[in-house]
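**Q** My file is coords.csv. It has CSV, C-alpha atoms:
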chain,number,residue,atom,x,y,z
A,1282,THR,CA,36.8,-60.2,37.4
A,1283,VAL,CA,36.8,-61.6,33.9
A,1284,GLY,CA,33.1,-62.4,34.0
A,1285,GLU,CA,32.1,-58.9,35.0
A,1286,ALA,CA,34.3,-57.5,32.2
A,1287,ARG,CA,32.6,-59.7,29.7
A,1288,THR,CA,29.2,-58.7,30.9
A,1289,MET,CA,30.0,-55.0,30.7
A,1290,SER,CA,31.5,-55.5,27.2
A,1291,SER,CA,28.3,-57.2,25.9
A,1292,ARG,CA,26.1,-54.5,27.4
A,1293,SER,CA,28.2,-51.8,25.6
A,1294,MET,CA,27.9,-53.8,22.3
A,1295,LEU,CA,24.1,-54.0,22.7
A,1296,ALA,CA,23.8,-50.3,23.3
A,1297,PHE,CA,26.0,-49.5,20.3
A,1298,VAL,CA,23.8,-51.8,18.1
A,1299,ALA,CA,20.6,-50.1,19.4
A,1300,MET,CA,22.1,-46.7,18.5
A,1301,LEU,CA,22.9,-47.9,14.9
A,1302,ILE,CA,19.4,-49.2,14.4
A,1303,ALA,CA,17.9,-45.9,15.6
A,1304,CYS,CA,20.2,-43.9,13.2
A,1305,ALA,CA,19.2,-46.2,10.3
A,1306,SER,CA,15.5,-45.8,10.9
A,1307,THR,CA,16.0,-42.0,11.2
A,1308,ALA,CA,17.9,-41.8,7.9
A,1309,ASN,CA,15.3,-43.8,6.0
A,1310,ALA,CA,12.3,-41.7,7.3
A,1311,VAL,CA,10.7,-39.5,4.6
A,1312,GLY,CA,7.9,-36.9,5.2
A,1313,GLU,CA,7.2,-33.9,7.3
A,1314,LEU,CA,9.4,-32.9,10.3
A,1315,LYS,CA,8.6,-35.1,13.3
A,1316,PRO,CA,10.3,-35.3,16.7
A,1317,VAL,CA,11.9,-38.7,17.7
A,1318,ASP,CA,13.8,-40.0,20.7
A,1319,TYR,CA,16.7,-38.1,22.3
A,1320,GLY,CA,15.4,-34.8,20.8
A,1321,GLU,CA,16.5,-35.7,17.2
A,1322,VAL,CA,14.5,-34.6,14.2
A,1323,VAL,CA,13.6,-36.7,11.1
A,1324,ALA,CA,15.0,-35.2,7.9
A,1325,VAL,CA,12.7,-34.1,5.1
A,1326,GLU,CA,13.2,-35.3,1.5
A,1327,HIS,CA,13.4,-32.3,-0.9
A,1328,PHE,CA,12.3,-32.3,-4.5
A,1329,ASN,CA,12.8,-30.3,-7.7
A,1330,ILE,CA,10.0,-28.4,-9.5
A,1331,ASP,CA,10.3,-28.2,-13.3
A,1332,GLY,CA,8.4,-25.7,-15.3
A,1333,VAL,CA,8.3,-23.7,-18.6
A,1334,ILE,CA,7.5,-20.1,-19.5
A,1335,ASP,CA,4.8,-19.8,-22.2
A,1336,ALA,CA,6.4,-16.9,-24.1
A,1337,ARG,CA,3.9,-16.7,-26.9
A,1338,GLY,CA,3.0,-13.0,-27.4
A,1339,MET,CA,5.9,-11.8,-25.2
A,1340,ARG,CA,7.7,-9.7,-27.8
A,1341,ASP,CA,11.1,-8.2,-27.1
A,1342,THR,CA,11.4,-10.1,-23.8
A,1343,ARG,CA,14.6,-12.0,-23.0
A,1344,MET,CA,14.2,-15.1,-20.8
A,1345,SER,CA,17.1,-13.8,-18.6
A,1346,ASP,CA,15.0,-10.8,-17.7
A,1347,ILE,CA,12.3,-13.0,-16.1
A,1348,LYS,CA,12.6,-13.8,-12.4
A,1349,ILE,CA,10.7,-16.7,-10.7
A,1350,THR,CA,10.5,-16.6,-6.9
A,1351,LEU,CA,9.1,-19.4,-4.7
A,1352,VAL,CA,8.2,-18.3,-1.2
A,1353,LEU,CA,8.2,-21.4,1.1
A,1354,ASN,CA,5.7,-21.9,3.9
A,1355,GLY,CA,8.5,-21.1,6.3
A,1356,GLY,CA,9.1,-17.7,4.8
A,1357,GLN,CA,12.3,-18.6,2.9
A,1358,LYS,CA,12.7,-17.7,-0.7
A,1359,ILE,CA,14.1,-19.6,-3.7
A,1360,ALA,CA,14.7,-17.6,-6.9
A,1361,THR,CA,15.6,-18.7,-10.3
A,1362,ARG,CA,15.5,-17.6,-14.0
A,1363,PRO,CA,14.4,-19.6,-17.1
A,1364,ARG,CA,16.8,-20.9,-19.7
A,1365,ALA,CA,16.8,-19.6,-23.2
A,1366,ASP,CA,14.2,-22.1,-24.3
A,1367,GLY,CA,11.9,-21.0,-21.4
A,1368,THR,CA,12.4,-24.1,-19.2
A,1369,PHE,CA,13.4,-23.7,-15.5
A,1370,ARG,CA,14.0,-25.8,-12.4
A,1371,ILE,CA,13.6,-24.8,-8.8
A,1372,LEU,CA,15.9,-27.0,-6.7
A,1373,ASP,CA,15.6,-28.4,-3.2
A,1374,VAL,CA,12.0,-27.7,-2.4
A,1375,PRO,CA,10.5,-29.3,0.8
A,1376,PRO,CA,7.0,-30.6,0.9
A,1377,GLY,CA,4.3,-28.2,1.9
A,1378,MET,CA,2.2,-25.2,0.7
A,1379,HIS,CA,4.3,-22.6,-1.2
A,1380,PHE,CA,3.6,-19.4,-3.2
A,1381,LEU,CA,5.1,-18.8,-6.6
A,1382,ASP,CA,5.5,-15.3,-8.1
A,1383,THR,CA,6.8,-14.5,-11.6
A,1384,PHE,CA,8.1,-11.1,-12.6
A,1385,ALA,CA,8.7,-10.0,-16.2
A,1386,LEU,CA,9.0,-6.4,-17.3
A,1387,GLY,CA,5.9,-5.3,-19.2
A,1388,TYR,CA,3.8,-8.4,-18.4
A,1389,THR,CA,1.7,-9.6,-15.6
A,1390,PHE,CA,1.8,-13.2,-14.3
A,1391,PRO,CA,-0.8,-14.5,-11.9
A,1392,PRO,CA,0.4,-15.7,-8.5
A,1393,ILE,CA,0.2,-19.5,-8.0
A,1394,THR,CA,-0.2,-21.5,-4.9
A,1395,LEU,CA,1.7,-24.8,-5.0
A,1396,LYS,CA,1.2,-27.9,-2.8
A,1397,LEU,CA,4.1,-30.3,-2.9
A,1398,LEU,CA,3.3,-33.7,-1.4
A,1399,THR,CA,5.7,-36.0,0.4
A,1400,ASN,CA,5.8,-38.3,-2.6
A,1401,GLY,CA,7.0,-35.4,-4.8
A,1402,LYS,CA,3.6,-34.9,-6.6
A,1403,LEU,CA,2.9,-31.3,-7.3
A,1404,GLN,CA,-0.6,-29.6,-7.2
A,1405,ALA,CA,-1.1,-26.0,-8.3
A,1406,GLU,CA,-3.9,-23.5,-8.5
A,1407,TYR,CA,-4.1,-19.8,-9.2
A,1408,ALA,CA,-4.2,-17.8,-6.0
A,1409,GLU,CA,-6.8,-15.4,-7.3
A,1410,ASP,CA,-8.9,-18.0,-9.2
A,1411,PRO,CA,-8.7,-21.4,-7.5
A,1412,ASP,CA,-11.2,-22.9,-9.9
A,1413,GLU,CA,-8.7,-22.6,-12.8
A,1414,LEU,CA,-5.7,-25.0,-12.5
A,1415,PRO,CA,-2.5,-24.6,-14.4
A,1416,ALA,CA,-0.6,-27.5,-15.9
A,1417,THR,CA,1.9,-29.1,-13.5
A,1418,ASN,CA,3.8,-31.6,-15.6
A,1419,PRO,CA,5.8,-29.4,-16.2
A,1420,LEU,CA,4.5,-26.3,-14.4
A,1421,ARG,CA,3.4,-23.9,-17.2
A,1422,LEU,CA,3.6,-20.2,-16.5
A,1423,ARG,CA,2.0,-17.7,-18.9
A,1424,PRO,CA,1.2,-13.9,-18.7
A,1425,VAL,CA,-2.4,-12.9,-18.5
A,1426,SER,CA,-2.0,-9.2,-19.5
A,1427,THR,CA,0.5,-6.5,-20.3
A,1428,ALA,CA,1.6,-4.2,-17.5
A,1429,GLU,CA,1.0,-0.4,-17.8
A,1430,TYR,CA,3.4,1.4,-15.6
A,1431,PHE,CA,2.5,5.0,-16.7
A,1432,GLU,CA,-1.0,6.5,-17.1
A,1433,ALA,CA,-1.7,7.8,-20.6
A,1434,ARG,CA,-2.1,11.5,-20.7
A,1435,ALA,CA,-5.6,12.6,-21.5
A,1436,ALA,CA,-6.1,14.5,-24.7
A,1437,ALA,CA,-7.4,18.1,-24.7
A,1438,SER,CA,-11.2,18.1,-24.6
A,1439,PRO,CA,-13.6,21.1,-24.6
A,1440,MET,CA,-15.9,19.2,-22.4
A,1441,ALA,CA,-13.1,18.7,-19.8
A,1442,MET,CA,-12.4,22.4,-19.8
A,1443,LEU,CA,-16.0,23.2,-19.1
A,1444,LYS,CA,-15.7,21.2,-15.9
A,1445,ASN,CA,-13.1,23.7,-14.6
A,1446,PRO,CA,-14.7,26.2,-12.2
A,1447,MET,CA,-12.4,29.0,-13.3
A,1448,VAL,CA,-13.4,28.6,-16.9
A,1449,LEU,CA,-17.1,28.6,-15.9
A,1450,MET,CA,-16.6,31.9,-14.0
A,1451,VAL,CA,-14.9,33.5,-17.0
A,1452,LEU,CA,-17.7,32.4,-19.3
A,1453,MET,CA,-20.4,33.7,-17.0
A,1454,THR,CA,-18.6,37.1,-16.8
A,1455,VAL,CA,-18.3,37.4,-20.6
A,1456,LEU,CA,-22.0,36.4,-20.9
A,1457,MET,CA,-23.1,39.0,-18.4
A,1458,ALA,CA,-21.0,41.7,-20.1
A,1459,TRP,CA,-22.6,40.9,-23.4
A,1460,GLY,CA,-26.1,40.3,-22.2
A,1461,MET,CA,-26.6,43.1,-19.7
A,1462,PRO,CA,-26.6,46.0,-22.2
A,1463,LYS,CA,-29.1,44.1,-24.4
A,1464,MET,CA,-31.4,43.7,-21.4
A,1465,ILE,CA,-31.1,47.3,-20.4
A,1466,GLU,CA,-32.0,48.5,-23.9
A,1467,ASN,CA,-35.2,46.6,-23.8
A,1468,MET,CA,-36.2,47.7,-20.2
A,1469,ASP,CA,-39.0,50.1,-19.5
A,1470,PRO,CA,-37.7,53.6,-18.7
A,1471,GLU,CA,-39.4,53.7,-15.3
A,1472,GLU,CA,-38.0,50.3,-14.3
A,1473,LEU,CA,-34.6,51.4,-15.5
A,1474,LYS,CA,-34.8,54.5,-13.3
A,1475,MET,CA,-35.9,52.5,-10.3
A,1476,MET,CA,-33.0,50.1,-10.8
A,1477,GLN,CA,-30.6,52.9,-11.0
A,1478,GLU,CA,-31.9,54.4,-7.8
A,1479,ARG,CA,-31.5,51.0,-6.0
A,1480,MET,CA,-28.0,50.7,-7.3
A,1481,GLY,CA,-27.2,54.2,-6.2
A,1482,SER,CA,-28.4,53.5,-2.7
A,1483,GLN,CA,-26.1,50.5,-2.4
A,1484,PRO,CA,-23.0,51.2,-0.3
A,1485,THR,CA,-19.7,51.4,-2.1
A,1486,MET,CA,-16.7,49.4,-1.2
A,1487,GLN,CA,-15.1,52.4,0.4
A,1488,ASP,CA,-18.2,52.8,2.7
A,1489,ILE,CA,-18.0,49.2,3.6
A,1490,LEU,CA,-14.3,49.4,4.5
A,1491,SER,CA,-14.7,52.6,6.5
A,1492,GLY,CA,-17.7,51.3,8.5
A,1493,LYS,CA,-20.0,54.0,7.2
A,1494,ALA,CA,-22.4,51.4,5.7
A,1495,THR,CA,-22.7,49.7,9.0
A,1496,GLN,CA,-23.5,53.0,10.8
A,1497,ASP,CA,-26.1,53.9,8.2
A,1498,ALA,CA,-27.8,50.5,8.5
A,1499,SER,CA,-27.9,50.8,12.3
A,1500,ALA,CA,-29.4,54.3,12.1
A,1501,ALA,CA,-32.1,53.1,9.6
A,1502,ALA,CA,-32.9,50.2,11.9
A,1503,LYS,CA,-33.6,52.5,14.9
A,1504,PRO,CA,-37.3,53.5,15.5
A,1505,LYS,CA,-38.1,57.0,14.3
A,1506,THR,CA,-39.3,59.6,16.8
A,1507,GLY,CA,-42.5,61.5,16.5
A,1508,ALA,CA,-40.7,64.7,15.4
A,1509,ALA,CA,-38.9,62.8,12.6
A,1510,ARG,CA,-42.1,61.2,11.4
A,1511,ARG,CA,-43.8,64.7,11.3
A,1512,ALA,CA,-40.8,66.1,9.4
A,1513,GLU,CA,-41.1,63.4,6.8
A,1514,GLN,CA,-44.8,64.0,6.4
A,1515,ARG,CA,-44.3,67.8,5.9
A,1516,ALA,CA,-41.6,67.0,3.3
A,1517,THR,CA,-43.9,64.7,1.4
Can you give me the file's structure in the form of structure tokens?

**A**
Amino acid sequence: TVGEARTMSSRSMLAFVAMLIACASTANAVGELKPVDYGEVVAVEHFNIDGVIDARGMRDTRMSDIKITLVLNGGQKIATRPRADGTFRILDVPPGMHFLDTFALGYTFPPITLKLLTNGKLQAEYAEDPDELPATNPLRLRPVSTAEYFEARAAASPMAMLKNPMVLMVLMTVLMAWGMPKMIENMDPEELKMMQERMGSQPTMQDILSGKATQDASAAAKPKTGAARRAEQRAT
């Protein structure tokens, strides 16, 4: 009937108006991601981060060779390079905690932790020294030291050579070759003769390799028989 058709039409109109109101409230929402009805997600307003490179002391460095990388808390990366005057802008940054890294050949920039609030206000601190806060309006980046990519070759030093074991062995050999004759000249003749006898009784390298030295040592270690002891007594 006509009345039922009108009722259905008014209900459809009310449902359409309710959907328009929900969409309008969703579009005006600003802040972090939040779930809403029907599985929809509220959009996040993004902001730009303005900064400048403090290039004082950075000799022979072009601004186009400096790379600025912002690592978002979600893992995405936004990279940019400064202009000729040192200023830069990082576009479309969502609110949250982010990590800023700056690379310039020959110089070291400290990493910076950034906190971007939902109202667009920026807070910054050095990741390795949270007590020191960099300027944020605009964000000022400056190198803390020069980067050394190659280790300088150490100069030749006599003291360093004396730490070498091979050099010490050669020096000890030379010292022995020079000092032993002097020591022998000043020795008592009887002591010299005894030393020569001891050195003569030492096995040679040939005896050691052939096994004769081992056999002689085993024979000397065996207990002597009575006949052997009497023969030694008659000999003496």

**Q** Segment 1374-1381 of chain A: which residues within 9 Å, counting all atoms listed in the file, same-chain residues fewer than 5 positions away excluded, as a list in words?

**A**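 The filter keeps Gly1312, Glu1313, Val1325, Glu1326, His1327, Phe1328, Asn1329, Ile1330, Ile1349, Thr1350, Leu1351, Val1352, Leu1353, Asn1354, Gly1355, Ile1359, Pro1392, Ile1393, Thr1394, Leu1395, Lys1396, Leu1397, Leu1398, Thr1399, Asn1400, Gly1401 and Ala1408 of chain A.
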
**Q** Hey, can you check how far atom CA of Pro1363 of chain A sits from atom CA of Arg1421 of chain A?

**A**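 About the pair atom CA of Pro1363 of chain A and atom CA of Arg1421 of chain A: they are 11.8 Å apart.
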
**Q** Scan for residues within 12 Å of the point (4.6, -13.6, -19.2) in the coordinates of the file, using only C-alpha atoms, and reply as a PyMOL selection string.

**A** chain A and resi 1333-1344+1346-1349+1363+1367+1382-1392+1421-1428

**Q** Work out how far atom CA of Thr1417 of chain A is from atom CA of Phe1369 of chain A, in Å to one decimal.

**A**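 Computing the Euclidean distance for atom CA of Phe1369 of chain A and atom CA of Thr1417 of chain A yields 12.9 Å.
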
**Q** What does the distance from atom CA of Ala1405 of chain A to atom CA of Leu1420 of chain A come to in Å, to one decimal?

**A**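 If I compute the distance from atom CA of Ala1405 of chain A to atom CA of Leu1420 of chain A, I get 8.3 Å.
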